[in-house]
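Undergrad: Compact mmCIF, C-alpha atoms, file start-v1.txt:
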# COMPACT_ATOMS: atom_id res chain seq x y z
CA MET A 1214 22.87 -71.56 59.30
CA VAL A 1215 26.03 -70.69 61.26
CA LYS A 1216 27.17 -68.31 58.52
CA LEU A 1217 23.79 -66.56 58.58
CA PHE A 1218 23.97 -66.19 62.37
CA ALA A 1219 27.54 -64.82 62.15
CA LEU A 1220 26.49 -62.33 59.45
CA LEU A 1221 23.50 -61.20 61.53
CA LEU A 1222 25.68 -60.84 64.62
CA ALA A 1223 28.25 -58.80 62.68
CA LEU A 1224 25.56 -56.47 61.36
CA LEU A 1225 23.90 -55.91 64.74
CA ALA A 1226 27.03 -55.72 66.93
CA PRO A 1227 27.94 -52.08 66.20
CA VAL A 1228 24.42 -50.96 67.08
CA HIS A 1229 24.68 -52.47 70.56
CA LEU A 1230 28.28 -51.42 71.20
CA VAL A 1231 27.99 -47.73 70.38
CA HIS A 1232 26.32 -45.84 73.21
CA ALA A 1233 28.85 -43.05 73.60
CA LYS A 1234 27.66 -39.53 74.22
CA GLU A 1235 29.14 -36.43 72.73
CA ALA A 1236 31.74 -34.75 74.87
CA ALA A 1237 30.50 -31.78 76.81
CA PRO A 1238 31.62 -28.56 75.17
CA ALA A 1239 34.38 -26.61 76.88
CA ALA A 1240 32.96 -24.17 79.38
CA ALA A 1241 32.43 -20.71 77.99
CA ASP A 1242 32.75 -19.32 81.53
CA PRO A 1243 35.30 -21.26 83.61
CA ALA A 1244 34.35 -19.37 86.79
CA LEU A 1245 30.71 -20.43 86.37
CA GLU A 1246 31.71 -24.06 85.79
CA GLN A 1247 33.97 -24.00 88.84
CA ARG A 1248 31.08 -22.71 90.96
CA VAL A 1249 28.75 -25.35 89.46
CA MET A 1250 31.21 -28.11 90.34
CA MET A 1251 31.74 -26.69 93.84
CA LEU A 1252 27.99 -26.75 94.48
CA ALA A 1253 27.63 -30.13 92.75
CA ALA A 1254 30.19 -31.56 95.18
CA GLU A 1255 27.80 -30.68 98.03
CA LEU A 1256 24.76 -32.40 96.49
CA ARG A 1257 24.11 -36.15 96.52
CA CYS A 1258 23.13 -38.02 93.38
CA LEU A 1259 19.65 -39.34 94.09
CA VAL A 1260 20.25 -42.32 91.78
CA CYS A 1261 23.74 -43.38 92.87
CA GLN A 1262 23.32 -42.23 96.51
CA ASN A 1263 27.00 -42.72 97.32
CA GLN A 1264 28.28 -40.11 94.88
CA THR A 1265 27.92 -36.40 94.52
CA ILE A 1266 26.26 -35.05 91.40
CA ALA A 1267 29.71 -33.78 90.41
CA ASP A 1268 31.05 -37.37 90.37
CA SER A 1269 28.01 -39.14 88.98
CA SER A 1270 27.35 -39.78 85.32
CA ALA A 1271 23.67 -40.63 85.86
CA PRO A 1272 21.21 -38.65 83.71
CA LEU A 1273 19.52 -37.26 86.83
CA ALA A 1274 22.86 -35.96 88.13
CA GLU A 1275 23.42 -34.26 84.79
CA ASP A 1276 19.96 -32.68 85.03
CA LEU A 1277 20.69 -31.47 88.57
CA ARG A 1278 24.01 -29.96 87.45
CA ASN A 1279 22.15 -28.18 84.64
CA GLN A 1280 19.60 -26.86 87.17
CA VAL A 1281 22.44 -25.56 89.33
CA ARG A 1282 24.06 -23.97 86.27
CA GLU A 1283 20.78 -22.23 85.28
CA LYS A 1284 20.19 -20.93 88.81
CA ILE A 1285 23.72 -19.52 88.93
CA ARG A 1286 23.12 -17.81 85.59
CA ALA A 1287 19.86 -16.42 87.03
CA GLY A 1288 21.93 -14.76 89.76
CA GLN A 1289 20.99 -16.94 92.73
CA SER A 1290 23.42 -17.35 95.60
CA ASP A 1291 24.88 -20.71 96.67
CA ALA A 1292 22.62 -20.71 99.75
CA GLN A 1293 19.52 -20.07 97.63
CA ILE A 1294 20.42 -22.92 95.28
CA ILE A 1295 21.08 -25.33 98.18
CA ASP A 1296 17.80 -24.27 99.84
CA PHE A 1297 15.92 -24.88 96.60
CA MET A 1298 17.38 -28.37 96.26
CA VAL A 1299 16.60 -29.22 99.91
CA GLU A 1300 13.06 -27.88 99.52
CA ARG A 1301 12.54 -29.97 96.40
CA TYR A 1302 14.35 -33.22 97.36
CA GLY A 1303 14.71 -33.07 101.15
CA ASP A 1304 17.84 -33.19 103.32
CA PHE A 1305 18.89 -36.41 101.61
CA VAL A 1306 20.07 -34.41 98.58
CA LEU A 1307 22.81 -32.87 100.74
CA TYR A 1308 25.98 -34.92 100.70
CA ARG A 1309 26.57 -33.87 104.31
CA PRO A 1310 23.07 -33.38 105.76
CA PRO A 1311 22.76 -31.30 108.95
CA VAL A 1312 22.29 -33.02 112.31
CA LYS A 1313 18.70 -32.36 113.31
CA ALA A 1314 15.71 -34.36 114.50
CA THR A 1315 14.75 -35.56 111.03
CA THR A 1316 18.28 -36.73 110.18
CA LEU A 1317 19.30 -38.36 113.48
CA LEU A 1318 18.70 -41.85 112.13
CA LEU A 1319 20.75 -41.03 109.06
CA TRP A 1320 23.68 -39.88 111.21
CA PHE A 1321 23.50 -42.37 114.07
CA GLY A 1322 21.75 -45.34 112.42
CA PRO A 1323 24.99 -47.10 111.43
CA LEU A 1324 26.30 -46.80 115.01
CA LEU A 1325 23.04 -48.19 116.39
CA LEU A 1326 23.19 -51.12 113.97
CA LEU A 1327 26.81 -51.81 114.93
CA ALA A 1328 25.96 -51.72 118.65
CA ALA A 1329 22.94 -54.00 118.14
CA GLY A 1330 25.06 -56.45 116.16
CA GLY A 1331 27.69 -56.43 118.92
CA LEU A 1332 25.06 -57.15 121.58
CA VAL A 1333 23.61 -60.03 119.57
CA LEU A 1334 27.09 -61.49 119.08
CA LEU A 1335 27.93 -61.10 122.77
CA ARG A 1336 24.69 -62.81 123.87
CA ARG A 1337 25.24 -65.69 121.47
CA LEU A 1338 28.80 -66.20 122.64
CA ARG A 1339 27.73 -66.20 126.29
CA ARG A 1340 24.92 -68.71 125.71
CA ARG A 1341 27.09 -71.11 123.79
CA PRO A 1342 28.16 -74.01 126.03
CA ALA A 1343 31.86 -74.55 126.57
CA PRO A 1344 33.13 -77.51 124.56
CA GLU A 1345 33.78 -80.66 126.56
CA PRO A 1346 37.39 -81.76 126.36
CA GLU A 1347 37.91 -85.06 124.63
CA LEU A 1348 39.55 -87.44 127.13
CA SER A 1349 40.52 -91.00 126.69
CA ALA A 1350 39.16 -93.63 129.07
CA ALA A 1351 42.51 -93.80 130.91
CA GLU A 1352 42.59 -90.01 131.33
CA ARG A 1353 39.03 -90.00 132.66
CA GLU A 1354 39.86 -92.72 135.21
CA ARG A 1355 42.97 -90.85 136.34
CA ALA A 1356 41.00 -87.61 136.67
CA ARG A 1357 38.31 -89.41 138.70
CA LYS A 1358 40.97 -90.79 141.08
CA LEU A 1359 42.66 -87.40 141.42
CA LEU A 1360 39.39 -85.70 142.22
CA SER A 1361 38.40 -88.32 144.75
CA GLY A 1362 41.77 -88.01 146.50
CA ASN A 1363 42.77 -91.67 146.05
CA GLU A 1364 45.81 -90.90 143.92
CA THR A 1365 48.40 -88.21 144.14
CA GLU A 1366 49.67 -86.41 141.08
CA PRO A 1367 53.23 -87.29 140.05
CA ARG A 1368 55.73 -84.46 140.33
Could I get this structure in the form of structure tokens?
TA:
Amino acid sequence: MVKLFALLLALLAPVHLVHAKEAAPAAADPALEQRVMMLAAELRCLVCQNQTIADSSAPLAEDLRNQVREKIRAGQSDAQIIDFMVERYGDFVLYRPPVKATTLLLWFGPLLLLAAGGLVLLRRLRRRPAPEPELSAAERERARKLLSGNETEPR
């Protein structure tokens, strides 16, 4: 039974381990590819969200790079390509979206969350009672006498 399982595992292992893609062919037009990568560095991967489409290996990022490449070949300017992407996917597709009414939360949301967290922490710290010092019975008696004025403190 173990030998059968090992044989089955050996036969199926290469199928699961090989998921490599073919390497992209060398660019026929290096200037075009440089422009594609420059524009791709300005566009956010909608899958990864913290990477540009130039850095991402997600299939959607590859599709967006291909769209940029086709639009460049069609003779569109960088501004036209960026405008098309924004029209299609919204300001979120821009890696550095403009500051405007619809993106204020995107720009200032982290600062608001940090300030709110600071206020919550400050309120909790202020409400927390000060810890009572642990005194022995002799220390408590001495403190009581000092406070009542019956005993003077040694110098």
Undergrad: Taking the point (30.5, -30.3, 98.0) as given in the file, collect each protein or nucleic acid residue that comes within 9 Å of it, counting only C-alpha atoms, and present the set as a list in words.
TA: Met1250, Met1251, Leu1252, Ala1253, Ala1254, Glu1255, Leu1256, Arg1257, Thr1265, Ala1267, Leu1307, Tyr1308 and Arg1309 of chain A
Undergrad: Enter the distance from CA of Glu1283 in chain A to CA of Pro1311 in chain A, in Å, rounded to one decimal.
TA: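 That distance, rounded to one decimal, is 25.4 Å.
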Undergrad: Between CA of Lys1284 in chain A and CA of Gln1264 in chain A, what is the distance, to one decimal in Å?
TA: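 It comes out at 21.7 Å.
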Undergrad: Counting only C-alpha atoms, figure out which residue out of A:Leu1245, A:Phe1305, A:Lys1358, A:Gly1322 gets nearest to Ala1287 in chain A.
TA: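 Closest candidate: A:Leu1245.
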Undergrad: Report, in Å with one decimal, the straight-line distance from CA of Glu1275 in chain A to CA of Glu1246 in chain A.
TA: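 According to the coordinates, CA of Glu1275 in chain A and CA of Glu1246 in chain A are separated by 13.2 Å.
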Undergrad: Output file request: range 1258-1270 of chain A, with all heavy atoms, as a PDB file, in the first residue's frame.
TA:
ATOM      1  N   CYS A1258      -1.744  48.045  -9.598  1.00  0.00           N
ATOM      2  CA  CYS A1258      -2.316  46.730  -9.882  1.00  0.00           C
ATOM      3  C   CYS A1258      -3.602  46.613  -9.077  1.00  0.00           C
ATOM      4  O   CYS A1258      -3.596  46.776  -7.854  1.00  0.00           O
ATOM      5  CB  CYS A1258      -1.337  45.623  -9.497  1.00  0.00           C
ATOM      6  SG  CYS A1258      -2.038  43.973  -9.724  1.00  0.00           S
ATOM      7  N   LEU A1259      -4.689  46.333  -9.726  1.00  0.00           N
ATOM      8  CA  LEU A1259      -5.984  46.267  -9.051  1.00  0.00           C
ATOM      9  C   LEU A1259      -6.140  44.993  -8.226  1.00  0.00           C
ATOM     10  O   LEU A1259      -7.023  44.907  -7.386  1.00  0.00           O
ATOM     11  CB  LEU A1259      -7.110  46.388 -10.080  1.00  0.00           C
ATOM     12  CG  LEU A1259      -7.087  47.697 -10.876  1.00  0.00           C
ATOM     13  CD1 LEU A1259      -8.060  47.628 -12.031  1.00  0.00           C
ATOM     14  CD2 LEU A1259      -7.363  48.878  -9.991  1.00  0.00           C
ATOM     15  N   VAL A1260      -5.275  44.021  -8.458  1.00  0.00           N
ATOM     16  CA  VAL A1260      -5.302  42.778  -7.686  1.00  0.00           C
ATOM     17  C   VAL A1260      -4.410  42.916  -6.456  1.00  0.00           C
ATOM     18  O   VAL A1260      -4.818  42.662  -5.332  1.00  0.00           O
ATOM     19  CB  VAL A1260      -4.855  41.584  -8.555  1.00  0.00           C
ATOM     20  CG1 VAL A1260      -4.771  40.316  -7.733  1.00  0.00           C
ATOM     21  CG2 VAL A1260      -5.797  41.395  -9.726  1.00  0.00           C
ATOM     22  N   CYS A1261      -3.172  43.335  -6.684  1.00  0.00           N
ATOM     23  CA  CYS A1261      -2.193  43.428  -5.588  1.00  0.00           C
ATOM     24  C   CYS A1261      -2.427  44.665  -4.729  1.00  0.00           C
ATOM     25  O   CYS A1261      -2.231  44.632  -3.529  1.00  0.00           O
ATOM     26  CB  CYS A1261      -0.772  43.478  -6.141  1.00  0.00           C
ATOM     27  SG  CYS A1261      -0.393  42.136  -7.251  1.00  0.00           S
ATOM     28  N   GLN A1262      -2.803  45.765  -5.331  1.00  0.00           N
ATOM     29  CA  GLN A1262      -3.131  47.044  -4.710  1.00  0.00           C
ATOM     30  C   GLN A1262      -1.958  47.760  -4.065  1.00  0.00           C
ATOM     31  O   GLN A1262      -2.043  48.944  -3.812  1.00  0.00           O
ATOM     32  CB  GLN A1262      -4.275  46.905  -3.711  1.00  0.00           C
ATOM     33  CG  GLN A1262      -5.551  46.469  -4.353  1.00  0.00           C
ATOM     34  CD  GLN A1262      -6.706  46.419  -3.398  1.00  0.00           C
ATOM     35  OE1 GLN A1262      -6.586  46.790  -2.246  1.00  0.00           O
ATOM     36  NE2 GLN A1262      -7.842  45.965  -3.868  1.00  0.00           N
ATOM     37  N   ASN A1263      -0.880  47.099  -3.758  1.00  0.00           N
ATOM     38  CA  ASN A1263       0.272  47.795  -3.196  1.00  0.00           C
ATOM     39  C   ASN A1263       1.454  47.745  -4.154  1.00  0.00           C
ATOM     40  O   ASN A1263       2.566  48.036  -3.761  1.00  0.00           O
ATOM     41  CB  ASN A1263       0.654  47.208  -1.835  1.00  0.00           C
ATOM     42  CG  ASN A1263       1.085  45.769  -1.936  1.00  0.00           C
ATOM     43  OD1 ASN A1263       0.803  45.097  -2.923  1.00  0.00           O
ATOM     44  ND2 ASN A1263       1.785  45.269  -0.938  1.00  0.00           N
ATOM     45  N   GLN A1264       1.196  47.378  -5.393  1.00  0.00           N
ATOM     46  CA  GLN A1264       2.237  47.309  -6.409  1.00  0.00           C
ATOM     47  C   GLN A1264       1.750  48.002  -7.666  1.00  0.00           C
ATOM     48  O   GLN A1264       0.549  48.068  -7.929  1.00  0.00           O
ATOM     49  CB  GLN A1264       2.563  45.863  -6.773  1.00  0.00           C
ATOM     50  CG  GLN A1264       3.294  45.096  -5.720  1.00  0.00           C
ATOM     51  CD  GLN A1264       3.618  43.683  -6.216  1.00  0.00           C
ATOM     52  OE1 GLN A1264       2.803  43.053  -6.870  1.00  0.00           O
ATOM     53  NE2 GLN A1264       4.802  43.214  -5.902  1.00  0.00           N
ATOM     54  N   THR A1265       2.696  48.474  -8.437  1.00  0.00           N
ATOM     55  CA  THR A1265       2.340  49.007  -9.748  1.00  0.00           C
ATOM     56  C   THR A1265       2.150  47.828 -10.698  1.00  0.00           C
ATOM     57  O   THR A1265       2.578  46.713 -10.404  1.00  0.00           O
ATOM     58  CB  THR A1265       3.456  49.918 -10.291  1.00  0.00           C
ATOM     59  OG1 THR A1265       4.621  49.131 -10.506  1.00  0.00           O
ATOM     60  CG2 THR A1265       3.742  51.066  -9.332  1.00  0.00           C
ATOM     61  N   ILE A1266       1.558  48.095 -11.853  1.00  0.00           N
ATOM     62  CA  ILE A1266       1.407  46.994 -12.812  1.00  0.00           C
ATOM     63  C   ILE A1266       2.761  46.635 -13.422  1.00  0.00           C
ATOM     64  O   ILE A1266       2.905  45.554 -13.973  1.00  0.00           O
ATOM     65  CB  ILE A1266       0.350  47.284 -13.898  1.00  0.00           C
ATOM     66  CG1 ILE A1266       0.737  48.472 -14.764  1.00  0.00           C
ATOM     67  CG2 ILE A1266      -1.014  47.470 -13.281  1.00  0.00           C
ATOM     68  CD1 ILE A1266      -0.161  48.663 -15.987  1.00  0.00           C
ATOM     69  N   ALA A1267       3.745  47.511 -13.283  1.00  0.00           N
ATOM     70  CA  ALA A1267       5.096  47.185 -13.749  1.00  0.00           C
ATOM     71  C   ALA A1267       5.739  46.155 -12.827  1.00  0.00           C
ATOM     72  O   ALA A1267       6.508  45.310 -13.281  1.00  0.00           O
ATOM     73  CB  ALA A1267       5.955  48.444 -13.799  1.00  0.00           C
ATOM     74  N   ASP A1268       5.429  46.216 -11.535  1.00  0.00           N
ATOM     75  CA  ASP A1268       6.040  45.315 -10.544  1.00  0.00           C
ATOM     76  C   ASP A1268       5.256  44.026 -10.338  1.00  0.00           C
ATOM     77  O   ASP A1268       5.801  43.051  -9.846  1.00  0.00           O
ATOM     78  CB  ASP A1268       6.156  46.024  -9.194  1.00  0.00           C
ATOM     79  CG  ASP A1268       7.046  47.239  -9.260  1.00  0.00           C
ATOM     80  OD1 ASP A1268       7.958  47.246 -10.103  1.00  0.00           O
ATOM     81  OD2 ASP A1268       6.812  48.182  -8.480  1.00  0.00           O
ATOM     82  N   SER A1269       3.985  44.041 -10.670  1.00  0.00           N
ATOM     83  CA  SER A1269       3.118  42.907 -10.363  1.00  0.00           C
ATOM     84  C   SER A1269       3.220  41.808 -11.415  1.00  0.00           C
ATOM     85  O   SER A1269       3.399  42.082 -12.598  1.00  0.00           O
ATOM     86  CB  SER A1269       1.662  43.389 -10.285  1.00  0.00           C
ATOM     87  OG  SER A1269       0.799  42.299 -10.076  1.00  0.00           O
ATOM     88  N   SER A1270       3.080  40.581 -10.944  1.00  0.00           N
ATOM     89  CA  SER A1270       3.066  39.455 -11.875  1.00  0.00           C
ATOM     90  C   SER A1270       1.656  38.865 -12.000  1.00  0.00           C
ATOM     91  O   SER A1270       1.485  37.799 -12.577  1.00  0.00           O
ATOM     92  CB  SER A1270       4.038  38.374 -11.393  1.00  0.00           C
ATOM     93  OG  SER A1270       3.653  37.933 -10.110  1.00  0.00           O
TER      94      SER A1270
END
